[in-house]
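The structure file protein-v6.cif is reproduced below (mmCIF, C-alpha atoms and all ligand atoms).
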```cif
data_upload
#
loop_
_atom_site.label_atom_id
_atom_site.label_comp_id
_atom_site.auth_asym_id
_atom_site.auth_seq_id
_atom_site.Cartn_x
_atom_site.Cartn_y
_atom_site.Cartn_z
CA MET A 1 -10.72 13.04 6.06
CA ALA A 2 -7.86 10.99 7.35
CA ASP A 3 -7.75 9.01 10.52
CA SER A 4 -5.14 10.53 12.77
CA GLY A 5 -6.17 8.55 15.83
CA ARG A 6 -3.49 6.40 17.36
CA ALA A 7 -5.73 3.99 19.15
CA GLY A 8 -7.07 0.64 18.15
CA THR A 9 -6.83 -1.78 15.30
CA ILE A 10 -8.04 -0.42 11.98
CA LEU A 11 -7.43 -3.52 9.83
CA GLU A 12 -7.22 -7.14 10.82
CA ALA A 13 -6.36 -10.37 9.05
CA VAL A 14 -7.68 -13.45 10.81
CA GLY A 15 -6.41 -16.86 9.74
CA LEU A 16 -5.86 -15.56 6.22
CA SER A 17 -4.65 -18.09 3.63
CA LYS A 18 -4.17 -18.17 -0.13
CA GLN A 19 -3.45 -21.39 -1.91
CA PHE A 20 -2.10 -21.51 -5.49
CA GLY A 21 -2.44 -25.19 -6.29
CA ALA A 22 -0.15 -26.96 -3.86
CA LEU A 23 1.58 -23.72 -2.82
CA ALA A 24 0.40 -21.93 0.32
CA ALA A 25 1.48 -18.42 -0.70
CA VAL A 26 -0.16 -17.04 2.47
CA ASN A 27 -0.62 -19.54 5.25
CA ASN A 28 -2.93 -18.84 8.19
CA VAL A 29 -1.84 -15.26 8.85
CA THR A 30 -3.43 -13.45 11.78
CA LEU A 31 -2.24 -9.88 12.06
CA GLY A 32 -3.61 -6.53 13.23
CA PHE A 33 -2.70 -3.08 11.90
CA GLU A 34 -3.02 -0.19 14.32
CA SER A 35 -4.63 3.06 13.35
CA GLY A 36 -2.20 5.91 12.65
CA ARG A 37 0.89 3.71 12.50
CA VAL A 38 3.36 2.72 9.78
CA HIS A 39 3.48 -1.06 9.70
CA ALA A 40 6.09 -2.54 7.36
CA VAL A 41 5.88 -6.08 6.00
CA ILE A 42 9.27 -7.44 4.99
CA GLY A 43 10.62 -10.80 3.92
CA PRO A 44 12.56 -12.51 1.15
CA ASN A 45 11.34 -12.71 -2.47
CA GLY A 46 8.38 -15.04 -2.78
CA ALA A 47 7.53 -14.83 0.94
CA GLY A 48 3.91 -13.96 0.08
CA LYS A 49 3.95 -10.22 0.86
CA THR A 50 2.20 -9.07 -2.32
CA THR A 51 -0.31 -11.91 -2.12
CA PHE A 52 -1.07 -10.90 1.46
CA LEU A 53 -1.68 -7.31 0.32
CA ASN A 54 -3.87 -8.59 -2.52
CA LEU A 55 -6.02 -10.40 0.04
CA LEU A 56 -6.25 -7.33 2.29
CA SER A 57 -7.19 -5.00 -0.58
CA GLY A 58 -9.79 -7.24 -2.20
CA GLU A 59 -7.65 -7.92 -5.26
CA MET A 60 -7.79 -11.64 -4.48
CA ARG A 61 -10.22 -13.79 -2.54
CA PRO A 62 -8.63 -15.77 0.28
CA SER A 63 -8.82 -19.56 0.33
CA ALA A 64 -9.59 -19.25 4.04
CA GLY A 65 -9.82 -16.60 6.73
CA ASN A 66 -11.22 -13.11 7.11
CA VAL A 67 -10.31 -9.46 6.67
CA ARG A 68 -11.87 -6.85 8.98
CA PHE A 69 -11.72 -3.10 8.51
CA LYS A 70 -12.87 -1.13 11.56
CA GLY A 71 -14.50 -4.29 12.81
CA GLN A 72 -16.49 -4.82 9.59
CA ASP A 73 -15.98 -8.02 7.62
CA ILE A 74 -14.69 -7.02 4.16
CA THR A 75 -13.45 -10.46 3.10
CA GLY A 76 -13.82 -10.83 -0.67
CA ALA A 77 -15.35 -7.36 -1.08
CA PRO A 78 -14.60 -5.97 -4.55
CA PRO A 79 -11.70 -3.47 -4.78
CA ASN A 80 -14.01 -0.54 -5.63
CA ARG A 81 -16.00 -1.06 -2.43
CA ILE A 82 -12.82 -1.41 -0.41
CA SER A 83 -11.57 1.80 -1.98
CA ARG A 84 -14.77 3.64 -1.03
CA LEU A 85 -14.38 2.47 2.55
CA GLY A 86 -11.11 4.42 2.68
CA ILE A 87 -8.42 1.95 1.73
CA GLY A 88 -5.92 2.93 -0.99
CA ARG A 89 -3.46 0.64 -2.73
CA SER A 90 -0.36 1.13 -4.87
CA TYR A 91 1.29 -1.62 -6.87
CA GLN A 92 4.70 -3.25 -7.13
CA ARG A 93 4.59 -2.59 -10.87
CA THR A 94 3.54 0.93 -11.72
CA ASN A 95 -0.11 1.16 -12.61
CA ILE A 96 -0.71 4.53 -14.29
CA PHE A 97 -2.12 5.71 -17.65
CA LEU A 98 1.06 6.60 -19.56
CA ALA A 99 -0.74 8.48 -22.36
CA LEU A 100 -2.56 10.80 -19.96
CA THR A 101 -1.32 13.83 -18.05
CA CYS A 102 -0.64 13.72 -14.32
CA LEU A 103 -3.80 15.71 -13.59
CA GLU A 104 -5.89 13.40 -15.79
CA ASN A 105 -4.49 10.33 -14.02
CA CYS A 106 -5.42 11.76 -10.61
CA TRP A 107 -8.75 13.00 -11.96
CA ILE A 108 -9.70 9.47 -13.01
CA ALA A 109 -8.67 8.11 -9.63
CA ALA A 110 -10.66 10.79 -7.79
CA GLN A 111 -13.74 10.30 -9.96
CA SER A 112 -13.79 6.52 -9.95
CA ARG A 113 -14.06 6.55 -6.19
CA LEU A 114 -16.76 9.17 -5.75
CA PRO A 115 -19.24 8.13 -3.09
CA SER A 116 -22.59 7.22 -4.59
CA SER A 117 -24.22 10.23 -2.88
CA MET A 118 -22.17 12.47 -5.22
CA ARG A 119 -24.00 11.10 -8.27
CA PHE A 120 -26.93 13.37 -7.44
CA VAL A 121 -24.84 16.50 -7.09
CA ARG A 122 -25.02 18.94 -10.03
CA PRO A 123 -22.32 18.09 -12.62
CA ALA A 124 -20.53 21.45 -12.39
CA HIS A 125 -20.14 21.11 -8.63
CA ARG A 126 -19.10 17.50 -8.97
CA LEU A 127 -16.44 18.38 -11.53
CA THR A 128 -15.02 21.18 -9.37
CA SER A 129 -14.79 18.86 -6.41
CA VAL A 130 -13.09 16.11 -8.41
CA ARG A 131 -10.66 18.57 -9.96
CA GLU A 132 -9.79 20.02 -6.56
CA GLN A 133 -9.27 16.57 -5.15
CA ALA A 134 -6.99 15.65 -8.07
CA GLU A 135 -5.00 18.89 -7.74
CA ARG A 136 -4.61 18.45 -4.00
CA ALA A 137 -3.34 14.89 -4.48
CA LEU A 138 -0.82 16.06 -7.09
CA ALA A 139 0.44 18.78 -4.78
CA THR A 140 0.79 16.36 -1.87
CA CYS A 141 2.79 13.85 -3.91
CA GLY A 142 5.12 16.65 -5.08
CA LEU A 143 3.96 16.89 -8.69
CA ALA A 144 1.99 20.16 -8.63
CA GLY A 145 4.26 21.56 -11.33
CA ARG A 146 3.71 18.55 -13.57
CA ALA A 147 -0.11 18.68 -13.81
CA GLY A 148 -0.07 19.05 -17.61
CA THR A 149 2.82 16.65 -18.25
CA VAL A 150 2.04 13.36 -19.96
CA ALA A 151 2.98 10.52 -17.61
CA ALA A 152 5.11 8.78 -20.26
CA ALA A 153 7.42 11.81 -20.43
CA MET A 154 8.38 11.60 -16.75
CA SER A 155 11.16 9.72 -15.00
CA TYR A 156 10.39 6.36 -13.42
CA GLY A 157 10.63 7.90 -9.97
CA GLU A 158 8.11 10.60 -10.86
CA GLN A 159 5.78 7.94 -12.28
CA ARG A 160 5.90 6.13 -8.96
CA GLN A 161 5.16 9.41 -7.19
CA LEU A 162 2.19 9.85 -9.53
CA GLU A 163 0.92 6.45 -8.56
CA ILE A 164 0.92 7.53 -4.93
CA GLY A 165 -0.89 10.71 -6.04
CA MET A 166 -3.57 8.61 -7.74
CA MET A 167 -4.03 6.66 -4.55
CA LEU A 168 -4.35 9.91 -2.55
CA ALA A 169 -6.90 11.35 -4.99
CA ALA A 170 -9.42 8.86 -3.57
CA ARG A 171 -8.75 10.28 -0.09
CA PRO A 172 -8.03 7.03 1.74
CA GLN A 173 -7.38 6.73 5.47
CA LEU A 174 -5.33 3.58 5.10
CA LEU A 175 -2.60 3.32 2.46
CA MET A 176 -1.14 0.02 1.29
CA LEU A 177 2.10 0.43 -0.64
CA ASP A 178 3.86 -2.42 -2.39
CA GLU A 179 7.55 -1.55 -2.76
CA PRO A 180 7.13 2.17 -3.45
CA LEU A 181 10.92 2.60 -3.70
CA ALA A 182 11.57 -0.25 -6.14
CA GLY A 183 13.71 0.77 -9.11
CA MET A 184 14.32 4.30 -7.84
CA GLY A 185 17.58 6.19 -7.73
CA HIS A 186 18.98 7.46 -4.43
CA ASP A 187 17.58 11.00 -4.65
CA GLU A 188 14.18 9.81 -5.84
CA SER A 189 14.04 7.35 -2.96
CA LEU A 190 14.77 10.08 -0.44
CA GLN A 191 11.96 12.18 -1.91
CA VAL A 192 9.45 9.33 -1.63
CA ILE A 193 10.62 8.45 1.90
CA ASP A 194 9.99 12.08 2.81
CA LEU A 195 6.54 11.89 1.21
CA LEU A 196 5.70 8.70 3.12
CA ARG A 197 6.75 10.37 6.35
CA ARG A 198 4.45 13.29 5.66
CA LEU A 199 1.59 10.93 4.79
CA ALA A 200 2.17 9.01 8.00
CA ALA A 201 1.20 12.11 9.98
CA ASP A 202 -2.46 11.61 9.12
CA HIS A 203 -2.80 8.16 7.55
CA THR A 204 -2.30 4.55 8.52
CA LEU A 205 0.36 2.97 6.28
CA ILE A 206 1.00 -0.67 5.42
CA LEU A 207 4.31 -0.76 3.61
CA ILE A 208 6.02 -3.61 1.80
CA GLU A 209 9.62 -2.65 1.15
CA HIS A 210 12.98 -4.32 0.55
CA ASP A 211 15.00 -1.20 1.34
CA MET A 212 15.80 -1.87 4.99
CA ASP A 213 17.23 1.58 5.68
CA ALA A 214 13.92 3.05 4.54
CA VAL A 215 11.92 0.55 6.60
CA PHE A 216 13.95 1.22 9.73
CA SER A 217 13.61 4.98 9.22
CA ILE A 218 9.81 5.07 8.68
CA ALA A 219 8.16 2.08 10.35
CA ASP A 220 6.65 1.94 13.83
CA ARG A 221 6.11 -1.79 13.60
CA ILE A 222 7.55 -4.55 11.42
CA THR A 223 6.23 -7.96 10.44
CA VAL A 224 8.61 -10.47 8.90
CA MET A 225 7.01 -12.97 6.51
CA VAL A 226 8.75 -16.15 5.37
CA ASN A 227 7.18 -18.92 3.29
CA GLY A 228 3.69 -17.44 3.56
CA GLU A 229 3.77 -17.22 7.34
CA VAL A 230 4.44 -14.52 9.89
CA LEU A 231 7.81 -15.23 11.44
CA GLU A 232 7.72 -12.33 13.86
CA THR A 233 6.07 -8.96 14.52
CA GLY A 234 7.59 -6.28 16.69
CA SER A 235 9.23 -2.89 17.02
CA ILE A 236 12.32 -2.02 14.97
CA GLU A 237 14.52 -2.93 17.95
CA GLN A 238 12.79 -6.28 18.45
CA ILE A 239 13.09 -7.20 14.78
CA ARG A 240 16.71 -6.04 14.54
CA GLY A 241 17.60 -8.09 17.60
CA SER A 242 15.63 -11.20 16.71
CA PRO A 243 17.82 -14.29 16.12
CA ALA A 244 15.02 -15.92 14.10
CA VAL A 245 14.83 -12.91 11.79
CA GLN A 246 18.62 -12.76 11.46
CA GLU A 247 18.65 -16.38 10.53
CA ALA A 248 15.76 -16.26 8.08
CA TYR A 249 16.25 -12.95 6.43
CA LEU A 250 18.43 -10.08 7.55
CA GLY A 251 21.65 -12.03 7.90
CA ARG A 252 21.39 -13.74 4.56
CA GLU A 253 24.04 -12.86 2.00
CA ASP A 254 21.40 -12.52 -0.74
CA ALA A 255 18.86 -10.54 1.29
CA GLU A 256 17.95 -7.35 -0.56
N1 LIG B 301 -1.24 -15.59 -9.26
C1 LIG B 301 -0.38 -16.51 -8.83
N2 LIG B 301 -0.47 -17.79 -9.23
C2 LIG B 301 0.38 -18.74 -8.77
N3 LIG B 301 1.39 -18.50 -7.91
C3 LIG B 301 1.53 -17.22 -7.48
C4 LIG B 301 0.66 -16.17 -7.90
N4 LIG B 301 1.06 -15.03 -7.30
C5 LIG B 301 2.11 -15.34 -6.53
N5 LIG B 301 2.40 -16.65 -6.63
C6 LIG B 301 3.47 -17.35 -5.91
O1 LIG B 301 3.21 -17.16 -4.53
C7 LIG B 301 4.43 -16.95 -3.83
C8 LIG B 301 4.39 -15.61 -3.12
O2 LIG B 301 4.44 -14.58 -4.10
P1 LIG B 301 4.36 -13.04 -3.75
O3 LIG B 301 4.38 -12.30 -5.03
O4 LIG B 301 3.20 -12.82 -2.85
O5 LIG B 301 5.71 -12.84 -2.94
P2 LIG B 301 6.43 -11.48 -2.47
O6 LIG B 301 6.78 -11.70 -1.04
O7 LIG B 301 5.62 -10.32 -2.82
O8 LIG B 301 7.77 -11.51 -3.32
P3 LIG B 301 8.65 -10.28 -3.94
O9 LIG B 301 9.46 -9.76 -2.79
O10 LIG B 301 9.50 -10.92 -4.95
O11 LIG B 301 7.70 -9.29 -4.50
C9 LIG B 301 5.55 -17.08 -4.85
O12 LIG B 301 6.05 -18.39 -4.82
C10 LIG B 301 4.85 -16.78 -6.18
O13 LIG B 301 5.49 -17.46 -7.23
MG MG B 302 5.88 -8.67 -4.01
#
```
Give the structure from the file, written as structure tokens.
Amino acid sequence: MADSGRAGTILEAVGLSKQFGALAAVNNVTLGFESGRVHAVIGPNGAGKTTFLNLLSGEMRPSAGNVRFKGQDITGAPPNRISRLGIGRSYQRTNIFLALTCLENCWIAAQSRLPSSMRFVRPAHRLTSVREQAERALATCGLAGRAGTVAAAMSYGEQRQLEIGMMLAARPQLLMLDEPLAGMGHDESLQVIDLLRRLAADHTLILIEHDMDAVFSIADRITVMVNGEVLETGSIEQIRGSPAVQEAYLGREDAE
């Protein structure tokens, strides 16, 4: 299932740009993500991090540039195709079905991303496989005991965990997470950090996060974005020691 290899670039942005009127939200970004690594993208509010993720995941079409997954051009491919290729995405604002149970939420996620070959499998077999996939995803995200609980009845932190579960139900190799810790309490954060660490053992992760302690504790590689551009990419030590990063981001009084 997952790609545990630690060699080579799995996803690549080449000269990627997104223009909103006069604003270059993402401006000529060229960046590679290595297979099996946790690559964090940080930067101040409005730096273009979410827009960048939207371009990588097919949510938005770039104004210019290309996205390559395992060498294949996926620029502008619709999100469902990108999902079937093995790329999962979670959102800055929680994106779950509040009226449905945890299992139902994961079930929908698992089913919506069935490969087309599964359409010809007998329904009973198909249902078992989807259910198993949904149950496995719930267990991995730490919500096995909440399968029958309606999402609306859970804490915000658990809802965010469920969103990660929905992403896992589609069995992606590459996970893109947009601020998975946003709005969480201390204990909930620690739980999700632990989950991300476990996922990192057999997935590639692209992580946008403002919580610097979390970033420094999980990431292998960090890219700093400012004003739609990549300011610097490097190891934790390189980013921590970078005067340009200090100046633009980490040293600022109002940096989150
Ligand atoms: N759909 C849109 N239409 C117009 N402008 C947009 C749109 N989406 C984002 N922007 C603008 O593009 C810039 C980058 O926004 P983006 O949400 O990508 O930043 P971000 O780095 O994710 O910020 P945050 O840390 O606050 O989530 C901002 O100035 C934002 O106002
Ligand atoms: Mg954002």
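Note that CA of Ser57 (chain A) and CA of Ser83 (chain A) are 8.2 Å apart.
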Worksheet item: CA of Ala25 (chain A) and atom O1 of ligand LIG 301 (chain B), how far apart in Å?
Response: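 Computing it gives 4.4 Å between the two atoms.
The two atoms in question, CA of Leu168 (chain A) and CA of Leu196 (chain A), are spaced 11.6 Å apart.
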List every residue of chain A that has an atom at most 7 Å from any atom of ligand LIG 301 (chain B), giving for each one its closest atom pair and the distance in Å to one decimal, counting only C-alpha atoms and all ligand atoms, sorted by chain and then by ascending residue number, as JSON lines.
```
{"residue": "A:Phe20", "atom": "CA", "partner": "B:LIG301", "partner_atom": "C2", "distance": 5.0}
{"residue": "A:Leu23", "atom": "CA", "partner": "B:LIG301", "partner_atom": "O1", "distance": 7.0}
{"residue": "A:Ala25", "atom": "CA", "partner": "B:LIG301", "partner_atom": "O1", "distance": 4.4}
{"residue": "A:Gly43", "atom": "CA", "partner": "B:LIG301", "partner_atom": "O6", "distance": 6.3}
{"residue": "A:Pro44", "atom": "CA", "partner": "B:LIG301", "partner_atom": "O9", "distance": 5.7}
{"residue": "A:Asn45", "atom": "CA", "partner": "B:LIG301", "partner_atom": "O9", "distance": 3.5}
{"residue": "A:Gly46", "atom": "CA", "partner": "B:LIG301", "partner_atom": "O5", "distance": 3.5}
{"residue": "A:Ala47", "atom": "CA", "partner": "B:LIG301", "partner_atom": "O6", "distance": 3.8}
{"residue": "A:Gly48", "atom": "CA", "partner": "B:LIG301", "partner_atom": "O4", "distance": 3.2}
{"residue": "A:Lys49", "atom": "CA", "partner": "B:LIG301", "partner_atom": "O6", "distance": 3.7}
{"residue": "A:Thr50", "atom": "CA", "partner": "B:LIG301", "partner_atom": "O7", "distance": 3.7}
{"residue": "A:Thr51", "atom": "CA", "partner": "B:LIG301", "partner_atom": "O4", "distance": 3.7}
{"residue": "A:Phe52", "atom": "CA", "partner": "B:LIG301", "partner_atom": "O4", "distance": 6.4}
{"residue": "A:Gly228", "atom": "CA", "partner": "B:LIG301", "partner_atom": "C8", "distance": 7.0}
```
Could the residues in this selection be saved with C-alpha atoms as an mmCIF file, keeping the file's coordinate frame?
```cif
data_model
loop_
_atom_site.group_PDB
_atom_site.id
_atom_site.type_symbol
_atom_site.label_atom_id
_atom_site.label_comp_id
_atom_site.auth_asym_id
_atom_site.auth_seq_id
_atom_site.Cartn_x
_atom_site.Cartn_y
_atom_site.Cartn_z
ATOM 1 C CA PHE A 20 -2.100 -21.510 -5.490
ATOM 2 C CA LEU A 23 1.580 -23.720 -2.820
ATOM 3 C CA ALA A 25 1.480 -18.420 -0.700
ATOM 4 C CA GLY A 43 10.620 -10.800 3.920
ATOM 5 C CA PRO A 44 12.560 -12.510 1.150
ATOM 6 C CA ASN A 45 11.340 -12.710 -2.470
ATOM 7 C CA GLY A 46 8.380 -15.040 -2.780
ATOM 8 C CA ALA A 47 7.530 -14.830 0.940
ATOM 9 C CA GLY A 48 3.910 -13.960 0.080
ATOM 10 C CA LYS A 49 3.950 -10.220 0.860
ATOM 11 C CA THR A 50 2.200 -9.070 -2.320
ATOM 12 C CA THR A 51 -0.310 -11.910 -2.120
ATOM 13 C CA PHE A 52 -1.070 -10.900 1.460
ATOM 14 C CA GLY A 228 3.690 -17.440 3.560
#
```
Item to complete: Select, from A:Ile208, A:Ala137, A:Ala144, A:Ala13, the residue with the minimum atom-to-atom distance to ligand MG 302 (chain B), counting all atoms listed in the file.
Response: A:Ile208
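For the choices A:Ile10, A:Leu174, A:Leu53, A:Leu205, the atom-to-atom distance to ligand MG 302 (chain B) is smallest for A:Leu53 when using all atoms listed in the file.
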Item to complete: Return the single residue from A:Phe97, A:Asn54, A:Glu179, A:Ser217 that is closest to Ile82 (chain A), with distances computed using only C-alpha atoms.
Response: A:Asn54
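Nearest residue to Ile74 (chain A) among A:Val41, A:Cys141, A:Leu11, A:Met166 is A:Leu11, counting all atoms listed in the file.
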Item to complete: Please identify all polymer residues lying at most 12 Å from the point (-10.4, 21.0, -8.4) (file coordinates), using all atoms listed in the file, and present the result as JSON, numbers by chain.
Response: {"A": [103, 104, 106, 107, 110, 111, 124, 125, 126, 127, 128, 129, 130, 131, 132, 133, 134, 135, 136, 137, 138, 139, 147, 169]}
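Using only C-alpha atoms and all ligand atoms, the shortest contact distance between ligand MG 302 (chain B) and any of A:Gly145, A:Pro78, A:Gly185, A:Pro180 is found at A:Pro180.
Nearest residue to ligand MG 302 (chain B) among A:Gln246, A:Ser90, A:Thr233, A:Gln191 is A:Ser90, counting all atoms listed in the file.
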Worksheet item: Excluding same-chain residues fewer than 6 positions from Leu85 (chain A), what lies within 9 Å of it counting all atoms listed in the file, as a ChimeraX atom specification?
Response: /A:69,172-173
Store the residues of this selection in a file with C-alpha atoms, as a short mmCIF file (atom, residue, chain, number, x, y, z; two decimals), keeping the file's coordinate frame.
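Generated output (result.cif):
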```cif
data_model
loop_
_atom_site.label_atom_id
_atom_site.label_comp_id
_atom_site.auth_asym_id
_atom_site.auth_seq_id
_atom_site.Cartn_x
_atom_site.Cartn_y
_atom_site.Cartn_z
CA PHE A 69 -11.72 -3.10 8.51
CA PRO A 172 -8.03 7.03 1.74
CA GLN A 173 -7.38 6.73 5.47
#
```
Worksheet item: Around (0.8, -14.9, 9.9) in the file's frame, which residues reach within 10 Å when counting all atoms listed in the file? Return as JSON, numbers by chain?
Response: {"A": [13, 14, 15, 16, 17, 26, 27, 28, 29, 30, 31, 52, 223, 224, 225, 226, 228, 229, 230, 231, 232, 233]}
Write a file for region 62-85 of chain A, containing N, CA and C atoms (output as a compact mmCIF listing (two decimals), in the first residue's frame).
```
# COMPACT_ATOMS: atom_id res chain seq x y z
N PRO A 62 -3.22 25.91 -11.65
CA PRO A 62 -2.21 26.98 -11.59
C PRO A 62 -2.35 27.96 -12.75
N SER A 63 -1.89 29.19 -12.54
CA SER A 63 -1.83 30.16 -13.63
C SER A 63 -0.65 29.82 -14.54
N ALA A 64 0.37 29.21 -13.95
CA ALA A 64 1.54 28.78 -14.73
C ALA A 64 2.24 27.67 -13.97
N GLY A 65 3.02 26.87 -14.68
CA GLY A 65 3.82 25.84 -14.03
C GLY A 65 3.19 24.46 -14.07
N ASN A 66 3.90 23.50 -13.50
CA ASN A 66 3.50 22.10 -13.56
C ASN A 66 3.63 21.41 -12.21
N VAL A 67 2.82 20.35 -12.06
CA VAL A 67 2.94 19.47 -10.91
C VAL A 67 3.20 18.06 -11.43
N ARG A 68 4.21 17.40 -10.88
CA ARG A 68 4.53 16.03 -11.31
C ARG A 68 4.51 15.10 -10.11
N PHE A 69 3.80 13.99 -10.28
CA PHE A 69 3.74 12.96 -9.25
C PHE A 69 4.39 11.70 -9.82
N LYS A 70 5.46 11.25 -9.21
CA LYS A 70 6.23 10.11 -9.73
C LYS A 70 6.56 10.31 -11.21
N GLY A 71 6.93 11.52 -11.54
CA GLY A 71 7.35 11.82 -12.90
C GLY A 71 6.23 12.09 -13.89
N GLN A 72 4.97 11.85 -13.45
CA GLN A 72 3.83 12.01 -14.34
C GLN A 72 3.23 13.41 -14.16
N ASP A 73 2.94 14.06 -15.26
CA ASP A 73 2.36 15.41 -15.18
C ASP A 73 0.91 15.31 -14.71
N ILE A 74 0.61 15.89 -13.55
CA ILE A 74 -0.78 15.85 -13.04
C ILE A 74 -1.35 17.26 -12.93
N THR A 75 -0.71 18.22 -13.59
CA THR A 75 -1.17 19.60 -13.52
C THR A 75 -2.63 19.70 -13.94
N GLY A 76 -3.45 20.28 -13.07
CA GLY A 76 -4.85 20.52 -13.42
C GLY A 76 -5.70 19.26 -13.42
N ALA A 77 -5.14 18.12 -13.01
CA ALA A 77 -5.96 16.90 -12.94
C ALA A 77 -7.01 17.08 -11.85
N PRO A 78 -8.22 16.56 -12.06
CA PRO A 78 -9.28 16.76 -11.05
C PRO A 78 -8.92 16.03 -9.74
N PRO A 79 -9.40 16.57 -8.60
CA PRO A 79 -9.06 15.98 -7.30
C PRO A 79 -9.35 14.48 -7.20
N ASN A 80 -10.42 14.00 -7.82
CA ASN A 80 -10.72 12.56 -7.68
C ASN A 80 -9.66 11.70 -8.36
N ARG A 81 -9.11 12.20 -9.48
CA ARG A 81 -8.05 11.44 -10.15
C ARG A 81 -6.77 11.48 -9.31
N ILE A 82 -6.50 12.65 -8.77
CA ILE A 82 -5.31 12.80 -7.93
C ILE A 82 -5.42 11.90 -6.70
N SER A 83 -6.61 11.82 -6.16
CA SER A 83 -6.84 10.93 -5.02
C SER A 83 -6.60 9.48 -5.40
N ARG A 84 -7.06 9.08 -6.57
CA ARG A 84 -6.87 7.67 -6.99
C ARG A 84 -5.41 7.35 -7.26
N LEU A 85 -4.64 8.36 -7.58
CA LEU A 85 -3.21 8.13 -7.81
C LEU A 85 -2.47 7.86 -6.49
```
